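Structure file coords-v2.txt; described as compact mmCIF, C-alpha atoms.
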# COMPACT_ATOMS: atom_id res chain seq x y z
CA MET A 1 136.68 -117.94 103.20
CA LYS A 2 134.88 -117.24 106.44
CA ASN A 3 137.66 -114.89 107.51
CA VAL A 4 137.44 -112.96 104.22
CA LEU A 5 133.67 -112.64 104.60
CA PHE A 6 134.06 -111.37 108.18
CA ILE A 7 136.56 -108.71 107.06
CA ILE A 8 134.22 -107.52 104.28
CA VAL A 9 131.25 -107.26 106.66
CA SER A 10 133.40 -105.41 109.21
CA LEU A 11 134.53 -102.90 106.58
CA PHE A 12 130.95 -102.17 105.58
CA ALA A 13 130.05 -101.64 109.26
CA LEU A 14 132.93 -99.21 109.74
CA ILE A 15 131.97 -97.28 106.62
CA ALA A 16 128.37 -97.04 107.85
CA CYS A 17 129.47 -95.78 111.26
CA ASP A 18 131.75 -93.20 109.66
CA ASP A 19 128.97 -91.62 107.60
CA SER A 20 129.56 -87.87 107.98
CA ASN A 21 125.91 -87.18 107.20
CA THR A 22 124.74 -89.02 110.32
CA PRO A 23 124.05 -86.65 113.27
CA LYS A 24 126.30 -87.43 116.21
CA ASP A 25 123.44 -87.14 118.72
CA GLN A 26 121.72 -90.05 116.97
CA TYR A 27 123.86 -92.39 119.05
CA LEU A 28 123.22 -90.64 122.36
CA PRO A 29 120.88 -92.21 124.93
CA GLU A 30 117.55 -90.52 125.62
CA ALA A 31 117.49 -88.00 128.48
CA ASN A 32 115.54 -89.08 131.53
CA GLY A 33 114.60 -87.72 134.93
CA LYS A 34 111.43 -86.03 136.10
CA HIS A 35 109.91 -83.17 134.17
CA GLY A 36 110.30 -79.95 136.13
CA GLU A 37 113.45 -81.13 137.91
CA ILE A 38 116.94 -79.62 137.49
CA LEU A 39 120.26 -81.20 138.41
CA ILE A 40 122.54 -78.47 139.80
CA LEU A 41 126.29 -79.00 139.57
CA MET A 42 128.10 -76.78 142.05
CA GLU A 43 131.11 -77.04 144.36
CA ASP A 44 130.52 -77.00 148.10
CA HIS A 45 131.87 -73.48 148.69
CA LEU A 46 129.49 -72.04 146.05
CA TRP A 47 126.48 -74.10 147.08
CA GLU A 48 126.84 -73.22 150.75
CA GLY A 49 127.39 -69.52 150.02
CA GLN A 50 125.41 -66.67 148.53
CA ILE A 51 125.39 -68.08 145.00
CA GLY A 52 123.75 -71.32 146.12
CA GLU A 53 121.20 -69.38 148.16
CA LYS A 54 120.33 -67.18 145.19
CA VAL A 55 119.94 -70.13 142.80
CA ILE A 56 117.63 -71.90 145.26
CA GLU A 57 115.63 -68.70 145.75
CA GLU A 58 115.09 -68.24 142.00
CA LEU A 59 114.12 -71.85 141.30
CA SER A 60 111.70 -71.67 144.23
CA VAL A 61 109.85 -68.67 142.81
CA ARG A 62 106.14 -69.43 142.70
CA ALA A 63 105.12 -71.16 139.48
CA PRO A 64 102.57 -69.25 137.37
CA GLY A 65 99.57 -71.42 138.21
CA PRO A 66 97.41 -70.24 139.76
CA TYR A 67 97.35 -72.73 142.60
CA LEU A 68 95.53 -72.94 145.91
CA ARG A 69 98.92 -73.50 147.55
CA PRO A 70 102.19 -72.01 146.26
CA GLU A 71 104.31 -74.37 144.18
CA PRO A 72 107.95 -73.72 143.15
CA SER A 73 108.83 -73.19 139.50
CA PHE A 74 111.24 -76.13 139.57
CA SER A 75 112.34 -78.97 141.78
CA TYR A 76 116.09 -79.56 142.03
CA PHE A 77 118.84 -81.71 143.45
CA ARG A 78 122.51 -80.84 143.71
CA LYS A 79 125.74 -82.71 143.18
CA ARG A 80 129.39 -81.72 143.14
CA PRO A 81 130.77 -81.76 139.58
CA GLU A 82 133.27 -84.48 140.50
CA ASP A 83 130.40 -86.70 141.68
CA LEU A 84 128.59 -86.61 138.35
CA ASN A 85 128.08 -90.19 137.18
CA HIS A 86 126.68 -91.88 134.11
CA LEU A 87 123.13 -91.98 135.43
CA ASN A 88 123.05 -88.36 136.63
CA GLN A 89 124.42 -86.97 133.39
CA LEU A 90 121.37 -88.31 131.56
CA ASN A 91 119.11 -85.90 133.45
CA ARG A 92 117.06 -83.80 131.03
CA ASN A 93 117.89 -80.48 132.76
CA ILE A 94 121.39 -79.68 134.08
CA LEU A 95 122.62 -76.35 135.44
CA LYS A 96 126.29 -75.81 136.36
CA PHE A 97 127.81 -72.83 138.18
CA MET A 98 131.60 -72.73 138.35
CA ILE A 99 134.62 -70.55 139.03
CA ASP A 100 137.13 -70.94 136.20
CA THR A 101 140.58 -70.24 137.62
CA ASP A 102 142.31 -71.15 134.36
CA SER A 103 140.92 -68.18 132.43
CA ILE A 104 140.32 -64.45 132.83
CA TYR A 105 136.78 -63.28 131.97
CA SER A 106 135.57 -59.77 131.28
CA GLU A 107 132.00 -60.87 131.96
CA THR A 108 130.14 -63.97 133.10
CA ALA A 109 129.96 -66.63 130.39
CA VAL A 110 126.68 -68.48 129.77
CA ILE A 111 126.95 -71.57 127.59
CA GLU A 112 123.95 -73.59 126.41
CA LYS A 113 124.58 -77.16 125.34
CA ARG A 114 121.76 -79.22 123.86
CA ASN A 115 122.01 -82.96 123.41
CA TYR A 116 125.34 -82.97 125.25
CA PHE A 117 125.25 -86.13 127.37
CA ALA A 118 121.85 -87.26 126.05
CA LYS A 119 119.23 -86.53 123.42
CA ASN A 120 116.60 -83.92 124.31
CA GLN A 121 118.72 -82.50 127.11
CA LEU A 122 119.47 -78.90 128.07
CA PHE A 123 122.80 -78.31 129.85
CA ILE A 124 123.54 -74.69 130.86
CA ILE A 125 126.98 -73.73 132.19
CA ILE A 126 127.48 -70.38 133.95
CA LYS A 127 131.11 -69.57 134.74
CA ASP A 128 133.40 -66.70 135.60
CA SER A 129 136.84 -66.04 137.05
CA ASP A 130 135.36 -63.50 139.50
CA ILE A 131 133.12 -64.91 142.24
CA ASN A 132 131.50 -61.52 142.93
CA ARG A 133 130.51 -61.11 139.29
CA LEU A 134 129.17 -64.67 139.28
CA TYR A 135 126.99 -63.80 142.26
CA GLU A 136 125.78 -60.63 140.51
CA TYR A 137 124.75 -62.76 137.54
CA ALA A 138 122.84 -65.16 139.78
CA THR A 139 121.13 -62.19 141.42
CA ASN A 140 120.17 -60.28 138.29
CA HIS A 141 119.78 -62.92 135.57
CA MET A 142 118.81 -66.20 137.18
CA TYR A 143 115.20 -65.57 136.15
CA GLU A 144 116.36 -65.76 132.51
CA ILE A 145 117.87 -69.19 133.16
CA ARG A 146 114.64 -70.29 134.83
CA ASP A 147 112.69 -69.12 131.77
CA LYS A 148 115.03 -71.04 129.45
CA PHE A 149 114.45 -74.28 131.31
CA ASN A 150 110.69 -73.69 131.37
CA ALA A 151 110.60 -73.00 127.63
CA PHE A 152 112.68 -76.13 127.05
CA GLU A 153 110.33 -78.28 129.15
CA VAL A 154 107.27 -76.98 127.32
CA ALA A 155 109.00 -77.55 123.96
CA GLN A 156 109.83 -81.15 124.90
CA LEU A 157 106.24 -81.87 125.90
CA LYS A 158 104.99 -80.17 122.75
CA ARG A 159 107.32 -82.33 120.65
CA MET A 160 106.07 -85.46 122.41
CA TYR A 161 102.40 -84.63 121.86
CA LYS A 162 102.92 -83.73 118.20
CA ALA A 163 104.84 -86.97 117.61
CA GLU A 164 101.81 -89.02 118.73
CA PRO A 165 98.75 -86.78 118.24
CA HIS A 166 95.21 -87.63 119.22
CA LYS A 167 93.83 -88.14 115.72
CA LEU A 168 90.14 -87.90 116.63
CA ALA A 169 90.65 -84.71 118.65
CA ASN A 170 92.56 -83.11 115.80
CA GLU A 171 89.95 -84.16 113.22
CA ILE A 172 87.16 -82.61 115.30
CA ALA A 173 89.22 -79.47 115.92
CA GLU A 174 89.90 -79.02 112.22
CA GLU A 175 86.31 -79.65 111.11
CA LYS A 176 84.42 -77.72 113.79
CA PHE A 177 86.86 -75.05 114.95
CA GLY A 178 89.31 -74.42 112.10
CA LEU A 179 92.45 -75.33 114.02
CA SER A 180 94.87 -78.17 114.60
CA ILE A 181 95.87 -79.28 118.09
CA ALA A 182 97.88 -82.10 119.70
CA ILE A 183 96.30 -83.23 122.95
CA PRO A 184 97.51 -86.32 124.86
CA LYS A 185 96.67 -89.50 123.02
CA LYS A 186 95.08 -91.12 126.10
CA CYS A 187 92.35 -88.49 126.41
CA LYS A 188 88.81 -89.74 125.78
CA LEU A 189 85.99 -87.90 124.05
CA LYS A 190 83.30 -87.09 126.65
CA LYS A 191 81.05 -84.62 124.83
CA GLU A 192 80.72 -83.28 121.29
CA GLN A 193 78.34 -80.63 119.97
CA SER A 194 78.41 -78.29 117.00
CA ASN A 195 80.22 -75.55 118.93
CA PHE A 196 81.67 -77.41 121.93
CA VAL A 197 83.86 -80.45 122.55
CA PHE A 198 85.26 -81.99 125.73
CA PHE A 199 88.11 -84.48 126.08
CA LYS A 200 89.17 -85.91 129.45
CA ARG A 201 92.07 -87.95 130.75
CA ASP A 202 92.04 -89.82 134.06
CA ARG A 203 95.21 -91.30 135.46
CA SER A 204 96.05 -92.90 138.77
CA LYS A 205 98.92 -91.90 141.02
CA ASN A 206 100.20 -93.45 144.23
CA LEU A 207 100.71 -91.49 147.42
CA ILE A 208 102.72 -92.81 150.36
CA GLY A 209 101.03 -92.36 153.72
CA ASN A 210 102.69 -90.71 156.71
CA GLU A 211 101.73 -91.84 160.20
CA ALA A 212 103.42 -88.87 161.85
CA THR A 213 101.32 -86.34 159.92
CA ARG A 214 98.36 -88.71 159.48
CA ALA A 215 98.54 -88.16 155.75
CA GLU A 216 96.45 -90.73 153.91
CA GLY A 217 98.23 -93.03 151.50
CA GLY A 218 96.85 -95.02 148.60
CA THR A 219 96.01 -94.72 144.92
CA PHE A 220 94.21 -91.55 143.83
CA TRP A 221 92.97 -90.17 140.52
CA VAL A 222 94.12 -87.07 138.69
CA GLN A 223 91.80 -85.61 136.07
CA GLN A 224 92.94 -83.44 133.18
CA GLY A 225 90.41 -81.99 130.76
CA PHE A 226 90.58 -80.12 127.45
CA LEU A 227 87.64 -78.05 126.22
CA ILE A 228 87.18 -76.24 122.91
CA TRP A 229 84.31 -73.91 122.06
CA LYS A 230 83.61 -71.11 119.62
CA THR A 231 81.50 -68.01 119.31
CA PRO A 232 80.81 -65.72 116.32
CA ILE A 233 82.55 -62.35 116.13
CA ILE A 234 80.17 -59.49 116.89
CA PRO A 235 81.08 -56.38 114.84
CA ASP A 236 82.07 -53.25 116.79
CA SER A 237 82.08 -55.15 120.08
CA ASN A 238 84.70 -55.48 122.79
CA GLN A 239 84.88 -59.27 122.84
CA MET A 240 88.65 -59.72 122.99
CA THR A 241 89.07 -58.69 126.62
CA THR A 242 89.59 -60.70 129.79
CA GLN A 243 86.25 -59.64 131.25
CA ALA A 244 84.29 -60.51 128.09
CA MET A 245 86.03 -63.89 127.76
CA LEU A 246 85.30 -64.74 131.40
CA MET A 247 81.61 -63.90 131.03
CA HIS A 248 81.39 -66.07 127.92
CA ARG A 249 83.35 -68.86 129.64
CA ASP A 250 80.92 -69.00 132.55
CA THR A 251 77.93 -69.18 130.21
CA VAL A 252 79.45 -71.93 128.07
CA LEU A 253 80.49 -74.07 131.05
CA LYS A 254 77.16 -73.69 132.84
CA TYR A 255 75.28 -75.26 129.95
CA ASN A 256 77.90 -77.73 128.77
CA LEU A 257 79.76 -79.04 131.80
CA PRO A 258 77.40 -80.05 134.62
CA GLY A 259 78.79 -81.52 137.82
CA GLU A 260 78.11 -85.03 139.09
CA ARG A 261 75.58 -83.68 141.58
CA LYS A 262 72.30 -82.26 140.31
CA ASP A 263 72.12 -78.49 139.78
CA THR A 264 75.91 -78.05 139.83
CA TYR A 265 78.29 -77.08 137.04
CA MET A 266 81.85 -75.95 136.44
CA GLY A 267 82.37 -72.28 137.22
CA THR A 268 85.18 -69.80 137.86
CA GLU A 269 86.65 -68.69 141.19
CA TYR A 270 86.42 -64.89 141.58
CA SER A 271 87.53 -64.36 145.20
CA GLN A 272 90.07 -61.60 145.78
CA TYR A 273 92.73 -64.15 146.68
CA TYR A 274 92.35 -66.27 143.53
CA GLU A 275 90.96 -63.84 140.98
CA PRO A 276 91.61 -64.89 137.36
CA VAL A 277 94.51 -63.16 135.63
CA GLY A 278 94.27 -62.32 131.94
CA ARG A 279 96.48 -60.82 129.28
CA GLU A 280 95.94 -59.78 125.69
CA PHE A 281 98.60 -60.97 123.26
CA THR A 282 99.17 -62.13 119.69
CA TYR A 283 99.16 -65.86 118.99
CA ASP A 284 100.60 -66.90 115.64
CA GLY A 285 99.55 -63.56 114.15
CA HIS A 286 96.03 -63.60 115.65
CA PRO A 287 94.67 -61.42 118.48
CA ALA A 288 94.30 -63.59 121.58
CA VAL A 289 93.46 -63.51 125.29
CA GLU A 290 95.09 -65.79 127.85
CA ILE A 291 93.39 -66.41 131.20
CA ARG A 292 94.82 -68.30 134.17
CA GLY A 293 92.56 -68.99 137.11
CA LEU A 294 90.85 -71.53 139.32
CA TRP A 295 87.69 -73.42 138.46
CA ILE A 296 85.14 -74.41 141.11
CA TYR A 297 81.75 -76.08 141.26
CA GLU A 298 78.85 -73.65 141.14
CA GLY A 299 75.15 -74.32 141.63
CA LYS A 300 72.26 -74.55 144.04
CA VAL A 301 74.08 -76.94 146.38
CA PHE A 302 77.59 -76.60 147.78
CA VAL A 303 80.14 -78.97 146.32
CA GLY A 304 83.80 -78.70 147.25
CA GLY A 305 86.61 -79.19 144.77
CA GLY A 306 88.24 -77.38 141.92
CA GLY A 307 91.67 -76.66 140.54
CA PRO A 308 93.68 -74.55 138.11
CA PHE A 309 92.87 -73.85 134.46
CA VAL A 310 94.54 -72.09 131.54
CA GLN A 311 92.70 -70.99 128.42
CA TYR A 312 93.50 -69.25 125.14
CA SER A 313 90.80 -67.39 123.20
CA ILE A 314 91.97 -66.73 119.64
CA LEU A 315 90.27 -64.55 117.03
CA ASN A 316 89.98 -66.17 113.61
CA GLU A 317 88.96 -63.42 111.19
CA LYS A 318 88.88 -65.83 108.25
CA ARG A 319 86.05 -67.82 109.82
CA GLY A 320 84.48 -64.89 111.69
CA GLU A 321 84.86 -66.73 115.00
CA ILE A 322 86.58 -66.63 118.35
CA VAL A 323 87.74 -70.07 119.40
CA THR A 324 88.66 -70.89 123.00
CA ILE A 325 90.88 -73.80 124.06
CA CYS A 326 90.89 -74.50 127.80
CA GLY A 327 92.80 -77.04 129.86
CA TYR A 328 92.08 -77.77 133.52
CA VAL A 329 93.34 -80.05 136.30
CA TYR A 330 91.65 -81.78 139.22
CA GLY A 331 93.98 -83.57 141.61
CA PRO A 332 93.37 -82.48 145.23
CA LYS A 333 96.02 -84.83 146.66
CA PHE A 334 98.86 -83.69 144.42
CA GLU A 335 100.83 -80.69 143.24
CA LYS A 336 99.58 -79.33 139.93
CA ARG A 337 102.68 -77.66 138.46
CA GLU A 338 103.64 -80.33 135.94
CA TYR A 339 100.03 -80.90 134.87
CA ILE A 340 99.73 -77.18 134.12
CA ARG A 341 103.04 -77.28 132.24
CA GLU A 342 101.52 -80.07 130.13
CA ILE A 343 98.49 -77.88 129.43
CA ASP A 344 100.76 -74.99 128.43
CA ALA A 345 102.48 -77.33 125.99
CA VAL A 346 99.17 -78.48 124.46
CA LEU A 347 97.96 -74.89 124.04
CA ASN A 348 101.21 -74.09 122.23
CA THR A 349 100.50 -76.80 119.64
CA VAL A 350 97.43 -74.92 118.40
CA LYS A 351 97.60 -73.77 114.80
CA ILE A 352 94.82 -71.67 113.23
CA LEU A 353 94.07 -73.06 109.77
Go ahead and render the structure in this file as structure tokens.
Amino acid sequence: MKNVLFIIVSLFALIACDDSNTPKDQYLPEANGKHGEILILMEDHLWEGQIGEKVIEELSVRAPGPYLRPEPSFSYFRKRPEDLNHLNQLNRNILKFMIDTDSIYSETAVIEKRNYFAKNQLFIIIKDSDINRLYEYATNHMYEIRDKFNAFEVAQLKRMYKAEPHKLANEIAEEKFGLSIAIPKKCKLKKEQSNFVFFKRDRSKNLIGNEATRAEGGTFWVQQGFLIWKTPIIPDSNQMTTQAMLMHRDTVLKYNLPGERKDTYMGTEYSQYYEPVGREFTYDGHPAVEIRGLWIYEGKVFVGGGGPFVQYSILNEKRGEIVTICGYVYGPKFEKREYIREIDAVLNTVKIL
């Protein structure tokens, strides 16, 4: 009787596993690895030649910060294809360049595989039978591959934030500013007014000291802040420009975000080396202005410190308002690239209601 029962249970299990409606990637492990890091699969002769040099050059292009010090668009590590193991193949970003001697190509083939070895993974294969044409592709189109990985990283972060949204932040955003937004759940409300709100997240990060360079080690704090404010639309004005948005930004921050020291406040860096960069674009069908720049402490006394910020100002004709969402980073001991990528992801969750 026990044997019969075992057979019946086993049959049900097999039927369940053979359900054609079940997505195959459901059984894949979750991708891992650091955000902003790409595993490159390339044979020695390609890696040590012009193709490898070109790939490194393109991944090392300065990330669109801005940053006080240049930071590469992506970090990377390389392995030979035959050395790929179970752990490496779970990396969230994989790029493979190869010469295919078994086929004849009329042009370089670019193949995108998502959820190949793992869920939430992007695997891009670039191959050709002609090494010169493969090099030409790396020279002329590698920026497109870089953009694909960046868009994928932002999309993954966006998915993560939307899966576990900060309910209070979204409730305030809907009620006061007519938009929905998914900011990190661990952010804390620091200030709320009728036309301004400020959420902040502090997290610790360890840094290993270096006696040779005398670099200080220890545990340091990284601060990430999200600000939302609004202003009424003024008829026949020129509000939706970079210059107008910067002027309004400085006024809002002066009165709403004072520094820890008396008579100081958050301002904007305008030096010729770090001047803010703006662009006018359309966000979800609404006129918008994006500004990337550096924030600093302003005031009657000098206070060092600052960091990068990104902000979107979006015109909401239905409510007769311009709403600005700004994210900033303060982490003087660390690179800022991934924190800014997180801010880009949050800004891309915004939906005007």
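If you count all atoms listed in the file and ignore residues fewer than 2 places along the chain from Thr268 in chain A, what sits within 10 Å of it is Leu246, Met247, Arg249, Asp250, Leu253, Met266, Tyr270, Ser271, Tyr274, Glu275, Pro276, Gly293, Leu294, Trp295, Ile296, Tyr297, Glu298, Gly306, Gly307, Pro308 and Phe309 of chain A.
Proximity ranking of A:Leu257, A:Met240, A:Val350, A:Met245 relative to Glu280 in chain A places A:Met240 first, based on only C-alpha atoms.
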Can you tell me how far CA of Lys200 in chain A sits from CA of Cys187 in chain A, in Å to one decimal? 5.1 Å
Considering only C-alpha atoms, tabulate each residue of range 213-283 of chain A that lies at most 12 Å from range 178-186 of chain A along with its nearest interatomic pair and the corresponding distance in Å to one decimal; arrange the rows by chain and ascending residue number and present them as CSV.
residue,atom,partner,partner_atom,distance
A:Gln223,CA,A:Lys186,CA,11.9
A:Gln224,CA,A:Pro184,CA,9.9
A:Gly225,CA,A:Ile183,CA,9.9
A:Phe226,CA,A:Ile183,CA,7.9
A:Leu227,CA,A:Ile183,CA,10.6
A:Ile228,CA,A:Leu179,CA,10.4
A:Trp229,CA,A:Gly178,CA,11.2
A:Lys230,CA,A:Gly178,CA,10.0
Shortest interatomic distance to Asn132 in chain A - which of A:Lys336, A:Glu153, A:Leu189, A:Ile51, counting all atoms listed in the file: A:Ile51
Nearest to Tyr283 in chain A, chosen from A:Ile145, A:Glu58, A:Ile172, A:Lys351, with all atoms listed in the file counted in the distances: A:Lys351
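As for CA of Lys158 in chain A and CA of Ile124 in chain A, they are spaced 21.0 Å apart.
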For range 25-33 of chain A, list every protein, DNA or RNA residue within 8 Å, evaluated using all atoms listed in the file, and leave out those in the same chain fewer than 5 positions away; present the list as a ChimeraX atom specification. /A:90-92,115-121
Considering only C-alpha atoms, can you say which of A:Leu87, A:Glu82, A:Gly327, A:Ser73 comes closest to Phe198 in chain A? A:Gly327
Could you check how far CA of Gly331 in chain A sits from CA of Trp221 in chain A, in Å to one decimal? 6.8 Å
